[in-house]
Every structure is written in structure tokens, then in C-alpha cells.
$ cat data_18.cif   # mmCIF, C-alpha atoms
data_input
loop_
_atom_site.group_PDB
_atom_site.id
_atom_site.type_symbol
_atom_site.label_atom_id
_atom_site.label_comp_id
_atom_site.auth_asym_id
_atom_site.auth_seq_id
_atom_site.Cartn_x
_atom_site.Cartn_y
_atom_site.Cartn_z
ATOM 1 C CA MET A 23 0.000 0.000 0.000
ATOM 2 C CA ALA A 24 1.250 3.492 -0.784
ATOM 3 C CA ARG A 25 2.348 5.524 2.205
ATOM 4 C CA THR A 26 3.352 9.168 2.141
ATOM 5 C CA ALA A 27 6.721 10.339 3.376
ATOM 6 C CA MET A 28 6.518 13.545 5.388
ATOM 7 C CA PRO A 29 9.066 15.859 3.754
ATOM 8 C CA LYS A 30 11.258 18.227 5.688
ATOM 9 C CA MET A 31 9.813 21.711 5.581
ATOM 10 C CA SER A 32 10.037 25.182 7.060
ATOM 11 C CA TRP A 33 7.216 27.472 8.050
ATOM 12 C CA ASP A 34 9.234 30.699 7.894
ATOM 13 C CA LYS A 35 12.592 30.602 6.106
ATOM 14 C CA TYR A 36 15.382 28.505 4.618
ATOM 15 C CA LEU A 37 19.138 28.835 4.571
ATOM 16 C CA LEU A 38 20.533 28.991 1.061
ATOM 17 C CA ARG A 39 23.502 26.820 0.203
ATOM 18 C CA PRO A 40 26.658 28.892 0.877
ATOM 19 C CA VAL A 41 28.730 29.940 -2.127
ATOM 20 C CA GLN A 42 32.516 30.335 -2.208
ATOM 21 C CA ASN A 43 32.829 30.364 1.592
ATOM 22 C CA ALA A 44 30.361 33.233 1.949
ATOM 23 C CA PRO A 45 27.880 33.008 4.848
ATOM 24 C CA PRO A 46 24.656 31.310 3.734
ATOM 25 C CA GLY A 47 21.813 33.653 2.851
ATOM 26 C CA ILE A 48 18.325 33.448 4.307
ATOM 27 C CA LEU A 49 15.304 33.091 2.039
ATOM 28 C CA PRO A 50 11.853 33.627 3.597
ATOM 29 C CA VAL A 51 9.151 31.249 2.442
ATOM 30 C CA PHE A 52 7.150 34.147 0.937
ATOM 31 C CA ILE A 53 8.760 36.334 -1.725
ATOM 32 C CA TYR A 54 6.887 39.418 -2.858
ATOM 33 C CA GLY A 55 6.339 39.245 -6.616
ATOM 34 C CA THR A 56 6.412 42.516 -8.543
ATOM 35 C CA ALA A 57 5.458 41.525 -12.092
ATOM 36 C CA TRP A 58 2.873 43.725 -13.834
ATOM 37 C CA LYS A 59 2.693 46.272 -10.995
ATOM 38 C CA LYS A 60 3.720 49.065 -13.404
ATOM 39 C CA ASP A 61 3.544 52.572 -11.901
ATOM 40 C CA ARG A 62 2.218 51.192 -8.605
ATOM 41 C CA THR A 63 5.407 49.234 -8.000
ATOM 42 C CA THR A 64 7.081 51.655 -5.560
ATOM 43 C CA ASP A 65 4.023 51.946 -3.322
ATOM 44 C CA LEU A 66 3.250 48.220 -3.433
ATOM 45 C CA VAL A 67 6.826 47.199 -2.564
ATOM 46 C CA HIS A 68 6.807 49.685 0.301
ATOM 47 C CA ARG A 69 3.445 48.311 1.459
ATOM 48 C CA ALA A 70 4.669 44.704 1.267
ATOM 49 C CA LEU A 71 7.759 45.507 3.319
ATOM 50 C CA SER A 72 5.716 47.469 5.844
ATOM 51 C CA VAL A 73 3.452 44.481 6.559
ATOM 52 C CA GLY A 74 6.332 42.036 6.920
ATOM 53 C CA PHE A 75 7.589 40.694 3.593
ATOM 54 C CA ARG A 76 11.373 40.375 3.711
ATOM 55 C CA ALA A 77 12.041 39.087 0.200
ATOM 56 C CA VAL A 78 11.297 40.747 -3.140
ATOM 57 C CA ASP A 79 11.390 39.320 -6.671
ATOM 58 C CA THR A 80 11.771 41.386 -9.835
ATOM 59 C CA ALA A 81 13.558 41.279 -13.206
ATOM 60 C CA ALA A 82 15.554 43.488 -15.552
ATOM 61 C CA GLN A 83 12.711 43.123 -18.030
ATOM 62 C CA PRO A 84 10.793 46.402 -18.518
ATOM 63 C CA LYS A 85 8.194 44.524 -20.542
ATOM 64 C CA HIS A 86 6.761 43.033 -17.329
ATOM 65 C CA TYR A 87 8.637 44.612 -14.386
ATOM 66 C CA ARG A 88 9.656 48.037 -13.116
ATOM 67 C CA GLU A 89 12.916 47.046 -11.470
ATOM 68 C CA ASP A 90 13.795 50.730 -11.023
ATOM 69 C CA LEU A 91 10.626 51.302 -8.989
ATOM 70 C CA VAL A 92 11.286 48.182 -6.916
ATOM 71 C CA GLY A 93 14.573 49.819 -5.922
ATOM 72 C CA GLU A 94 12.726 53.033 -5.045
ATOM 73 C CA GLY A 95 10.276 51.128 -2.871
ATOM 74 C CA ILE A 96 13.089 49.406 -1.015
ATOM 75 C CA ARG A 97 14.985 52.668 -0.461
ATOM 76 C CA LYS A 98 11.807 54.326 0.805
ATOM 77 C CA ALA A 99 11.245 51.505 3.284
ATOM 78 C CA ILE A 100 14.854 51.801 4.466
ATOM 79 C CA ARG A 101 14.520 55.595 4.876
ATOM 80 C CA ASP A 102 11.291 55.114 6.835
ATOM 81 C CA GLY A 103 13.003 52.725 9.239
ATOM 82 C CA ILE A 104 10.815 49.776 8.217
ATOM 83 C CA VAL A 105 13.685 47.494 7.280
ATOM 84 C CA ARG A 106 17.452 47.371 6.878
ATOM 85 C CA ARG A 107 18.922 46.295 3.569
ATOM 86 C CA GLU A 108 20.845 43.481 5.254
ATOM 87 C CA ASP A 109 17.534 42.022 6.479
ATOM 88 C CA LEU A 110 16.143 41.737 2.940
ATOM 89 C CA HIS A 111 16.483 39.115 0.235
ATOM 90 C CA VAL A 112 16.376 40.937 -3.119
ATOM 91 C CA GLN A 113 16.358 38.863 -6.274
ATOM 92 C CA THR A 114 16.228 39.903 -9.895
ATOM 93 C CA LYS A 115 16.690 38.279 -13.270
ATOM 94 C CA PHE A 116 18.714 38.518 -16.448
ATOM 95 C CA THR A 117 16.276 38.167 -19.339
ATOM 96 C CA SER A 118 17.627 37.299 -22.767
ATOM 97 C CA VAL A 119 16.654 39.169 -25.938
ATOM 98 C CA HIS A 120 13.782 36.821 -26.804
ATOM 99 C CA GLY A 121 12.001 37.756 -23.547
ATOM 100 C CA GLN A 122 12.408 41.519 -23.926
ATOM 101 C CA ASP A 123 10.394 44.268 -25.564
ATOM 102 C CA PRO A 124 12.488 45.179 -28.634
ATOM 103 C CA ASP A 125 11.895 48.873 -27.947
ATOM 104 C CA ASN A 126 12.696 48.802 -24.231
ATOM 105 C CA MET A 127 15.431 46.566 -22.855
ATOM 106 C CA PRO A 128 18.324 47.146 -20.450
ATOM 107 C CA TYR A 129 21.034 46.474 -23.044
ATOM 108 C CA ASP A 130 21.810 46.692 -26.742
ATOM 109 C CA PRO A 131 20.403 43.545 -28.410
ATOM 110 C CA ASN A 132 23.183 43.639 -30.997
ATOM 111 C CA ILE A 133 26.046 43.090 -28.553
ATOM 112 C CA SER A 134 27.263 39.682 -27.392
ATOM 113 C CA VAL A 135 25.537 37.642 -24.691
ATOM 114 C CA THR A 136 28.506 38.379 -22.436
ATOM 115 C CA GLU A 137 28.101 42.118 -22.909
ATOM 116 C CA GLN A 138 24.328 41.887 -22.505
ATOM 117 C CA ALA A 139 24.702 40.087 -19.183
ATOM 118 C CA HIS A 140 27.203 42.637 -17.859
ATOM 119 C CA ALA A 141 25.004 45.555 -18.951
ATOM 120 C CA SER A 142 21.891 44.038 -17.390
ATOM 121 C CA ILE A 143 23.656 43.363 -14.088
ATOM 122 C CA MET A 144 25.091 46.878 -13.920
ATOM 123 C CA SER A 145 21.631 48.301 -14.606
ATOM 124 C CA SER A 146 20.200 46.181 -11.788
ATOM 125 C CA LEU A 147 22.918 47.270 -9.362
ATOM 126 C CA GLU A 148 22.125 50.893 -10.206
ATOM 127 C CA HIS A 149 18.463 50.256 -9.409
ATOM 128 C CA PHE A 150 19.341 48.614 -6.079
ATOM 129 C CA ARG A 151 21.727 51.286 -4.809
ATOM 130 C CA PRO A 152 21.027 51.730 -1.076
ATOM 131 C CA SER A 153 20.496 55.509 -1.242
ATOM 132 C CA ASP A 154 19.517 58.109 -3.805
ATOM 133 C CA ALA A 155 23.135 59.241 -4.084
ATOM 134 C CA SER A 156 24.497 57.955 -7.374
ATOM 135 C CA GLU A 157 27.821 56.946 -5.814
ATOM 136 C CA SER A 158 26.002 54.517 -3.492
ATOM 137 C CA VAL A 159 25.804 52.122 -6.455
ATOM 138 C CA ASN A 160 29.254 50.979 -5.330
ATOM 139 C CA GLU A 161 27.587 49.532 -2.207
ATOM 140 C CA ALA A 162 24.758 47.853 -4.088
ATOM 141 C CA TYR A 163 24.440 44.086 -4.210
ATOM 142 C CA ILE A 164 21.924 41.476 -5.344
ATOM 143 C CA ASP A 165 21.085 38.536 -3.099
ATOM 144 C CA MET A 166 20.028 36.292 -5.964
ATOM 145 C CA LEU A 167 20.427 36.680 -9.718
ATOM 146 C CA ILE A 168 18.150 34.353 -11.647
ATOM 147 C CA LEU A 169 18.519 33.416 -15.287
ATOM 148 C CA HIS A 170 14.959 34.151 -16.425
ATOM 149 C CA SER A 171 14.950 31.322 -18.966
ATOM 150 C CA PRO A 172 17.627 29.183 -20.599
ATOM 151 C CA LEU A 173 19.001 30.780 -23.750
ATOM 152 C CA ALA A 174 18.619 29.280 -27.240
ATOM 153 C CA THR A 175 21.606 26.960 -26.803
ATOM 154 C CA MET A 176 23.485 25.528 -23.840
ATOM 155 C CA SER A 177 26.583 27.340 -25.103
ATOM 156 C CA GLN A 178 24.795 30.687 -24.812
ATOM 157 C CA THR A 179 23.323 29.732 -21.450
ATOM 158 C CA LEU A 180 26.807 28.920 -20.152
ATOM 159 C CA GLU A 181 28.150 32.169 -21.615
ATOM 160 C CA ALA A 182 25.625 34.188 -19.600
ATOM 161 C CA TRP A 183 26.168 32.053 -16.485
ATOM 162 C CA SER A 184 29.929 32.511 -16.621
ATOM 163 C CA VAL A 185 29.354 36.281 -16.498
ATOM 164 C CA PHE A 186 27.105 35.851 -13.463
ATOM 165 C CA GLU A 187 29.842 33.901 -11.688
ATOM 166 C CA THR A 188 32.311 36.796 -11.958
ATOM 167 C CA TYR A 189 30.089 38.840 -9.593
ATOM 168 C CA VAL A 190 29.751 36.107 -6.947
ATOM 169 C CA PRO A 191 29.850 36.429 -3.974
ATOM 170 C CA HIS A 192 30.561 40.157 -3.478
ATOM 171 C CA ARG A 193 28.069 41.905 -5.814
ATOM 172 C CA ILE A 194 25.779 38.902 -6.300
ATOM 173 C CA ARG A 195 25.377 36.511 -3.386
ATOM 174 C CA ASN A 196 23.870 33.541 -5.197
ATOM 175 C CA LEU A 197 22.500 32.312 -8.536
ATOM 176 C CA GLY A 198 19.326 30.622 -9.724
ATOM 177 C CA ILE A 199 17.389 29.718 -12.846
ATOM 178 C CA SER A 200 13.732 29.996 -13.874
ATOM 179 C CA ASN A 201 11.504 28.227 -16.402
ATOM 180 C CA CYS A 202 13.821 25.247 -16.287
ATOM 181 C CA THR A 203 13.386 21.543 -17.064
ATOM 182 C CA LEU A 204 15.045 18.745 -15.116
ATOM 183 C CA PRO A 205 17.369 17.639 -17.980
ATOM 184 C CA LEU A 206 18.603 21.191 -18.435
ATOM 185 C CA LEU A 207 19.057 21.686 -14.685
ATOM 186 C CA ARG A 208 21.119 18.491 -14.479
ATOM 187 C CA GLU A 209 23.314 19.520 -17.397
ATOM 188 C CA LEU A 210 23.798 23.090 -16.210
ATOM 189 C CA SER A 211 24.658 21.971 -12.683
ATOM 190 C CA SER A 212 27.305 19.614 -14.038
ATOM 191 C CA LEU A 213 29.021 22.314 -16.108
ATOM 192 C CA VAL A 214 29.183 25.406 -13.897
ATOM 193 C CA GLN A 215 31.267 26.401 -10.897
ATOM 194 C CA VAL A 216 28.501 28.229 -9.002
ATOM 195 C CA LYS A 217 25.598 25.801 -9.115
ATOM 196 C CA PRO A 218 21.976 27.012 -9.028
ATOM 197 C CA ALA A 219 20.723 27.601 -5.501
ATOM 198 C CA VAL A 220 17.089 28.042 -6.553
ATOM 199 C CA VAL A 221 14.808 26.983 -9.389
ATOM 200 C CA GLN A 222 11.814 29.267 -9.961
ATOM 201 C CA ASN A 223 9.105 27.475 -11.941
ATOM 202 C CA ARG A 224 5.378 27.488 -12.520
ATOM 203 C CA PHE A 225 3.733 25.059 -10.101
ATOM 204 C CA TYR A 226 0.859 23.566 -12.061
ATOM 205 C CA VAL A 227 -0.542 20.441 -13.615
ATOM 206 C CA GLY A 228 0.953 21.254 -17.032
ATOM 207 C CA THR A 229 4.352 20.117 -15.706
ATOM 208 C CA GLN A 230 2.844 17.485 -13.380
ATOM 209 C CA PHE A 231 3.795 19.888 -10.571
ATOM 210 C CA ASP A 232 7.512 19.366 -11.280
ATOM 211 C CA VAL A 233 7.661 16.324 -9.000
ATOM 212 C CA PRO A 234 10.917 14.797 -10.396
ATOM 213 C CA LEU A 235 12.557 18.214 -10.642
ATOM 214 C CA ARG A 236 11.604 19.063 -7.058
ATOM 215 C CA SER A 237 12.975 15.721 -5.914
ATOM 216 C CA TYR A 238 16.271 16.525 -7.656
ATOM 217 C CA CYS A 239 16.291 19.916 -5.964
ATOM 218 C CA ARG A 240 15.818 18.333 -2.534
ATOM 219 C CA ASP A 241 18.698 15.952 -3.181
ATOM 220 C CA ASN A 242 21.023 18.732 -4.336
ATOM 221 C CA GLN A 243 20.402 21.567 -1.859
ATOM 222 C CA ILE A 244 18.406 23.600 -4.367
ATOM 223 C CA LEU A 245 15.315 25.477 -3.210
ATOM 224 C CA TYR A 246 12.225 25.372 -5.395
ATOM 225 C CA GLN A 247 10.404 28.690 -5.898
ATOM 226 C CA SER A 248 6.783 28.237 -6.909
ATOM 227 C CA PHE A 249 5.097 30.900 -9.008
ATOM 228 C CA TRP A 250 1.687 31.124 -10.681
ATOM 229 C CA THR A 251 0.575 29.067 -7.684
ATOM 230 C CA LEU A 252 -2.923 30.513 -7.362
ATOM 231 C CA THR A 253 -3.657 31.577 -10.941
ATOM 232 C CA ALA A 254 -2.793 28.214 -12.477
ATOM 233 C CA ASN A 255 -4.509 26.031 -9.883
ATOM 234 C CA PRO A 256 -8.184 26.973 -9.420
ATOM 235 C CA GLU A 257 -9.069 23.289 -9.161
ATOM 236 C CA LEU A 258 -6.692 22.851 -6.226
ATOM 237 C CA ILE A 259 -8.072 25.920 -4.435
ATOM 238 C CA GLN A 260 -11.572 24.486 -4.800
ATOM 239 C CA SER A 261 -10.556 20.972 -3.730
ATOM 240 C CA ASP A 262 -11.921 19.408 -0.552
ATOM 241 C CA THR A 263 -8.382 19.127 0.805
ATOM 242 C CA VAL A 264 -7.644 22.837 0.560
ATOM 243 C CA GLN A 265 -11.108 23.815 1.762
ATOM 244 C CA LEU A 266 -10.755 21.549 4.804
ATOM 245 C CA LEU A 267 -7.440 23.065 5.825
ATOM 246 C CA ALA A 268 -8.810 26.576 5.294
ATOM 247 C CA ASP A 269 -11.754 25.770 7.561
ATOM 248 C CA ARG A 270 -9.765 24.071 10.327
ATOM 249 C CA ALA A 271 -6.874 26.570 10.386
ATOM 250 C CA GLU A 272 -9.240 29.547 9.890
ATOM 251 C CA ILE A 273 -7.425 30.933 6.868
ATOM 252 C CA SER A 274 -8.466 31.684 3.296
ATOM 253 C CA PRO A 275 -8.472 28.894 0.690
ATOM 254 C CA ALA A 276 -5.706 30.749 -1.179
ATOM 255 C CA ALA A 277 -3.543 30.831 1.956
ATOM 256 C CA ALA A 278 -4.347 27.171 2.596
ATOM 257 C CA LEU A 279 -3.057 26.255 -0.867
ATOM 258 C CA TYR A 280 0.108 28.240 -0.214
ATOM 259 C CA CYS A 281 0.644 26.397 3.069
ATOM 260 C CA LEU A 282 0.083 22.990 1.517
ATOM 261 C CA VAL A 283 2.664 23.770 -1.153
ATOM 262 C CA LEU A 284 5.032 24.772 1.656
ATOM 263 C CA GLY A 285 4.148 21.455 3.292
ATOM 264 C CA LEU A 286 5.721 19.630 0.344
ATOM 265 C CA GLY A 287 9.070 20.778 1.695
ATOM 266 C CA ASN A 288 12.103 22.612 0.306
ATOM 267 C CA THR A 289 9.747 25.157 -1.264
ATOM 268 C CA THR A 290 9.255 28.921 -1.244
ATOM 269 C CA LEU A 291 6.512 30.884 -2.982
ATOM 270 C CA LEU A 292 6.098 34.075 -4.946
ATOM 271 C CA ASN A 293 3.154 36.076 -3.647
ATOM 272 C CA GLY A 294 2.157 39.139 -5.647
ATOM 273 C CA THR A 295 -1.048 40.302 -3.994
ATOM 274 C CA SER A 296 -1.687 44.056 -4.073
ATOM 275 C CA ASN A 297 -4.220 43.941 -1.237
ATOM 276 C CA ARG A 298 -2.824 44.897 2.172
ATOM 277 C CA SER A 299 -5.232 42.697 4.120
ATOM 278 C CA HIS A 300 -4.384 39.729 1.891
ATOM 279 C CA MET A 301 -0.669 40.410 2.443
ATOM 280 C CA GLU A 302 -1.161 40.381 6.205
ATOM 281 C CA ALA A 303 -3.362 37.283 6.170
ATOM 282 C CA ASP A 304 -1.010 35.338 3.896
ATOM 283 C CA LEU A 305 2.032 36.154 6.028
ATOM 284 C CA THR A 306 0.316 34.941 9.213
ATOM 285 C CA ALA A 307 -1.147 31.796 7.617
ATOM 286 C CA PRO A 308 1.943 29.560 7.964
ATOM 287 C CA ALA A 309 2.045 30.147 11.723
ATOM 288 C CA ARG A 310 -1.656 29.274 11.938
ATOM 289 C CA VAL A 311 -1.116 26.062 9.985
ATOM 290 C CA GLU A 312 1.962 25.195 12.027
ATOM 291 C CA LYS A 313 -0.116 25.566 15.189
ATOM 292 C CA PHE A 314 -2.884 23.448 13.674
ATOM 293 C CA SER A 315 -0.362 20.768 12.661
ATOM 294 C CA GLN A 316 0.976 20.614 16.215
ATOM 295 C CA GLU A 317 -2.453 20.483 17.849
ATOM 296 C CA HIS A 318 -3.940 18.027 15.330
ATOM 297 C CA PRO A 319 -0.983 16.094 13.893
ATOM 298 C CA ASN A 320 -2.999 13.163 12.577
ATOM 299 C CA MET A 321 -5.470 15.362 10.745
ATOM 300 C CA TRP A 322 -2.658 17.507 9.342
ATOM 301 C CA GLN A 323 -0.895 14.384 8.102
ATOM 302 C CA ARG A 324 -4.066 13.130 6.398
ATOM 303 C CA ILE A 325 -4.636 16.526 4.741
ATOM 304 C CA LEU A 326 -1.043 16.727 3.556
ATOM 305 C CA GLU A 327 -1.125 13.139 2.279
ATOM 306 C CA ASP A 328 -4.265 13.917 0.299
ATOM 307 C CA PHE A 329 -2.554 16.961 -1.185
ATOM 308 C CA GLN A 330 0.538 14.926 -2.023
ATOM 309 C CA GLN A 331 -1.672 12.461 -3.850
ATOM 310 C CA GLN A 332 -3.183 15.326 -5.866
ATOM 311 C CA THR A 333 0.232 16.692 -6.863
ATOM 312 C CA GLY A 334 1.929 13.320 -7.368
ATOM 313 C CA ASP A 335 4.290 13.732 -4.415
ATOM 314 C CA HIS A 336 3.224 10.481 -2.757
ATOM 315 C CA VAL A 337 5.870 7.780 -2.569
ATOM 316 C CA THR A 338 5.626 4.035 -2.205
ATOM 317 C CA LEU A 339 7.572 2.614 0.728
#
$ encode --input "data_18.cif" --output "C-alpha cells"
Amino acid sequence: MARTAMPKMSWDKYLLRPVQNAPPGILPVFIYGTAWKKDRTTDLVHRALSVGFRAVDTAAQPKHYREDLVGEGIRKAIRDGIVRREDLHVQTKFTSVHGQDPDNMPYDPNISVTEQAHASIMSSLEHFRPSDASESVNEAYIDMLILHSPLATMSQTLEAWSVFETYVPHRIRNLGISNCTLPLLRELSSLVQVKPAVVQNRFYVGTQFDVPLRSYCRDNQILYQSFWTLTANPELIQSDTVQLLADRAEISPAAALYCLVLGLGNTTLLNGTSNRSHMEADLTAPARVEKFSQEHPNMWQRILEDFQQQTGDHVTL
């Protein structure tokens, strides 16, 4: 009979694998997502930090992100005494030409991949300078640089990655990759010096919830970052399993789905809500579910096992 292994998990944060003898970074389980916020980005980042988010995700991709306004929101929060830069995890992405708006990108599309990567990183560092003074760019750093998608060939992917590595660990603390398959992740990890510390992928049925890839990540000290978690999974939100947890832990169904994904272990989530009350409720939900799991361990295990069956995470012992 199939039994479900209870994976190791965290309800608040994870330590990232240390790189080149640098101290390991801390990645909260919730990362504030800033895609499509447009002109509201500064205010929404400031709001997210004010209610307790301590990680922010963006990209050097003006087509979908305002990385410059993310930087403004962070600086405003620092000026207001809400947070210190050293208490934040700030991650951004290098997006190749095929993912950019031809009329608005952070580099010249006609230069080499190497030059594009350098130009994108320098643009990001400018956006994340700790103060408005232009010279403060020399103090800027990025906690995580993510390759937004693999490039057209592995050779080009490695060319961009080798540029990333030259900034680690002083200007960039760690590296990751997004929109990645398991075969590519295996190959990339075998060829680079600074191995991916995170994989940021859509968590949805179209990829069978990335079960083999997430297993590989667990075995290789790579954190999985789930995005599109709510939008792509209306059937999970409406499922009896999620509704039961929401009822028993007294949280919203959306927050219950988030917590069940966290329950799979080795997982963090992008959360891009613009609603302050939803921000506050989502951030407190893991503690509510942790309390529920301690007070009703058998019921929590049954709920999590049901969810693992739905996502394919069950194992046969």
C-alpha cells in the first residue's frame, strides 16, 4: 500500500547553500512578486515591506517589471526605518533578448551575450543602490540573480552564467534559474562552478507539478520557488483538501493552498497580492497552519497526504 513520506519543511525561512565560503543567505518562504505592478510598483513594494515581507522578486525586463521602482520602494522603506537592507532578500533576473520588448530593454540587443549580461547586471545594481546618491551604487548588491529562462543553446546559457559567476559572492550573493526543465538543470549543474541555488518554476498540472525536478532539488540543496501558484490552480483551491485546511486553520483557501505547497518541503513561494489585508493574512497563515499541525498532527498528516496524492508527491515505501 502506498504511504506518504513527510518531507522536511520550514514554516518561515530557509538557509541557502553557501557559495565560495560566503555566509549562507536566508530566504523567507514568501517572496513578494512585482510583475505587472507598473507605476504602482514603488508603493506596493513599500506596502509589502511594511506588513512584513522580507524578500522581493523582480527582473531586468521592462516589458513586465519596473525594477527601477522596486529599488525606489526598497529605499523608501529603508529611509522610513521599516527594514534594513541586510535584512532583505532581493532577487532579480537577467532576461535574454527573446524575452524583452524590442523597444525597451536594459542592453543593446546587438552586442554579445557576455556584454548583454554585464550591462543588465550593472543596470540592476544601479536600481538597487542603497540611497539616492548615485555613488552609493558601489555599495549595491543582489542577493540572488536568476537566469529568467535558458538561452537558445546551452553554449549561450553557459556564456551568460559565466558572467554571473564573476560577480559572486561580493556583488551577487547567489545564482538561480527559472523556467527550467530537469534535464537542463542536471546539465547546467554539471558544467558550472557556481551551481543554481534556486529553481523558480510554474507550479501547475501542465508540468505534473515538477515532481521529479523538485525531488532533484531536494537531493542537491536547491530550493524550489513556486510561481503562478494561485492563478494556475483553481481546481486545487476548490478541492476538498484545501477547503478543509482553510476551515480548520481559519485561513483563506488561497492561503491554505500556499501552506500545503510549503508542506511539500524545500519550497518557497512568490506572492504578488496588491491587497494589504491579503498580504497580512497570507504572512500569518503559515504560523496558523503550524499551530494546527501541532495540535492536530494526525489530521494535518491526512490533509497533507491527500494533497501529495493530488500533486503526485506520494511515494511508495
$ resolve_selection --input "data_18.cif" --expression "the PyMOL selection byres ((chain A and resi 274-283) around 7)" --output "MDAnalysis selection string"
chainID A and resid 252 259 264:265 267:268 272:273 284:286 304 307:308 326
$ closest_atom_pairs --input "data_18.cif" --of "region 156-264 of chain A" --to "region 49-67 of chain A" --cutoff "12 Å" --atoms "all atoms listed in the file" --output "Markdown table"
| residue | atom | partner | partner_atom | distance |
| --- | --- | --- | --- | --- |
| A:Asp165 | CA | A:Leu49 | CA | 9.5 |
| A:Met166 | CA | A:Leu49 | CA | 9.8 |
| A:Arg195 | CA | A:Leu49 | CA | 11.9 |
| A:Asn196 | CA | A:Leu49 | CA | 11.2 |
| A:Ala219 | CA | A:Leu49 | CA | 10.8 |
| A:Val220 | CA | A:Leu49 | CA | 10.1 |
| A:Gln222 | CA | A:Ile53 | CA | 11.3 |
| A:Ile244 | CA | A:Leu49 | CA | 11.9 |
| A:Leu245 | CA | A:Leu49 | CA | 9.2 |
| A:Tyr246 | CA | A:Val51 | CA | 10.3 |
| A:Gln247 | CA | A:Val51 | CA | 8.8 |
| A:Ser248 | CA | A:Ile53 | CA | 9.8 |
| A:Phe249 | CA | A:Gly55 | CA | 8.8 |
| A:Trp250 | CA | A:Gly55 | CA | 10.2 |
| A:Thr251 | CA | A:Gly55 | CA | 11.7 |
$ atom_distance --input "data_18.cif" --atom1 "CA of Ser211 (chain A)" --atom2 "CA of Val78 (chain A)"
24.9 Å
$ atom_distance --input "data_18.cif" --atom1 "CA of Ile325 (chain A)" --atom2 "CA of Thr263 (chain A)"
6.0 Å
$ closest_residue --input "data_18.cif" --among "A:Thr203, A:Ser299, A:Asn242, A:Ser237" --to "Gly334 (chain A)" --atoms "all atoms listed in the file"
A:Ser237
$ closest_residue --input "data_18.cif" --among "A:Ser177, A:Asn201, A:Thr114, A:Gln230" --to "Ala82 (chain A)" --atoms "only C-alpha atoms"
A:Thr114
$ decode --input "data_18.cif" --residues "region 133-139 of chain A" --atoms "all heavy atoms" --output "PDB file, in the first residue's frame"
ATOM      1  N   ILE A 133      24.757  43.453 -29.139  1.00  0.00           N
ATOM      2  CA  ILE A 133      26.046  43.090 -28.553  1.00  0.00           C
ATOM      3  C   ILE A 133      26.023  41.616 -28.135  1.00  0.00           C
ATOM      4  O   ILE A 133      24.987  40.952 -28.190  1.00  0.00           O
ATOM      5  CB  ILE A 133      26.391  44.009 -27.356  1.00  0.00           C
ATOM      6  CG1 ILE A 133      25.313  43.914 -26.266  1.00  0.00           C
ATOM      7  CG2 ILE A 133      26.549  45.454 -27.845  1.00  0.00           C
ATOM      8  CD1 ILE A 133      25.597  44.790 -25.047  1.00  0.00           C
ATOM      9  N   SER A 134      27.152  41.102 -27.732  1.00  0.00           N
ATOM     10  CA  SER A 134      27.263  39.682 -27.392  1.00  0.00           C
ATOM     11  C   SER A 134      26.479  39.362 -26.121  1.00  0.00           C
ATOM     12  O   SER A 134      26.141  40.252 -25.329  1.00  0.00           O
ATOM     13  CB  SER A 134      28.725  39.307 -27.182  1.00  0.00           C
ATOM     14  OG  SER A 134      29.230  39.933 -26.007  1.00  0.00           O
ATOM     15  N   VAL A 135      26.203  38.080 -25.914  1.00  0.00           N
ATOM     16  CA  VAL A 135      25.537  37.642 -24.691  1.00  0.00           C
ATOM     17  C   VAL A 135      26.345  38.066 -23.471  1.00  0.00           C
ATOM     18  O   VAL A 135      25.776  38.515 -22.458  1.00  0.00           O
ATOM     19  CB  VAL A 135      25.325  36.113 -24.710  1.00  0.00           C
ATOM     20  CG1 VAL A 135      24.874  35.609 -23.346  1.00  0.00           C
ATOM     21  CG2 VAL A 135      24.310  35.721 -25.781  1.00  0.00           C
ATOM     22  N   THR A 136      27.648  37.959 -23.549  1.00  0.00           N
ATOM     23  CA  THR A 136      28.506  38.379 -22.436  1.00  0.00           C
ATOM     24  C   THR A 136      28.289  39.849 -22.112  1.00  0.00           C
ATOM     25  O   THR A 136      28.089  40.226 -20.940  1.00  0.00           O
ATOM     26  CB  THR A 136      29.982  38.140 -22.785  1.00  0.00           C
ATOM     27  OG1 THR A 136      30.210  36.726 -22.869  1.00  0.00           O
ATOM     28  CG2 THR A 136      30.914  38.735 -21.733  1.00  0.00           C
ATOM     29  N   GLU A 137      28.291  40.680 -23.130  1.00  0.00           N
ATOM     30  CA  GLU A 137      28.101  42.118 -22.909  1.00  0.00           C
ATOM     31  C   GLU A 137      26.686  42.423 -22.440  1.00  0.00           C
ATOM     32  O   GLU A 137      26.474  43.316 -21.608  1.00  0.00           O
ATOM     33  CB  GLU A 137      28.421  42.873 -24.201  1.00  0.00           C
ATOM     34  CG  GLU A 137      29.888  42.821 -24.607  1.00  0.00           C
ATOM     35  CD  GLU A 137      30.120  43.373 -26.008  1.00  0.00           C
ATOM     36  OE1 GLU A 137      29.443  42.918 -26.957  1.00  0.00           O
ATOM     37  OE2 GLU A 137      30.967  44.269 -26.144  1.00  0.00           O
ATOM     38  N   GLN A 138      25.708  41.696 -22.957  1.00  0.00           N
ATOM     39  CA  GLN A 138      24.328  41.887 -22.505  1.00  0.00           C
ATOM     40  C   GLN A 138      24.195  41.578 -21.016  1.00  0.00           C
ATOM     41  O   GLN A 138      23.535  42.319 -20.272  1.00  0.00           O
ATOM     42  CB  GLN A 138      23.384  40.991 -23.311  1.00  0.00           C
ATOM     43  CG  GLN A 138      23.223  41.388 -24.762  1.00  0.00           C
ATOM     44  CD  GLN A 138      22.465  40.350 -25.560  1.00  0.00           C
ATOM     45  OE1 GLN A 138      21.951  39.364 -25.009  1.00  0.00           O
ATOM     46  NE2 GLN A 138      22.397  40.534 -26.880  1.00  0.00           N
ATOM     47  N   ALA A 139      24.797  40.480 -20.589  1.00  0.00           N
ATOM     48  CA  ALA A 139      24.702  40.087 -19.183  1.00  0.00           C
ATOM     49  C   ALA A 139      25.354  41.129 -18.284  1.00  0.00           C
ATOM     50  O   ALA A 139      24.791  41.518 -17.246  1.00  0.00           O
ATOM     51  CB  ALA A 139      25.335  38.716 -18.977  1.00  0.00           C
TER      52      ALA A 139
END
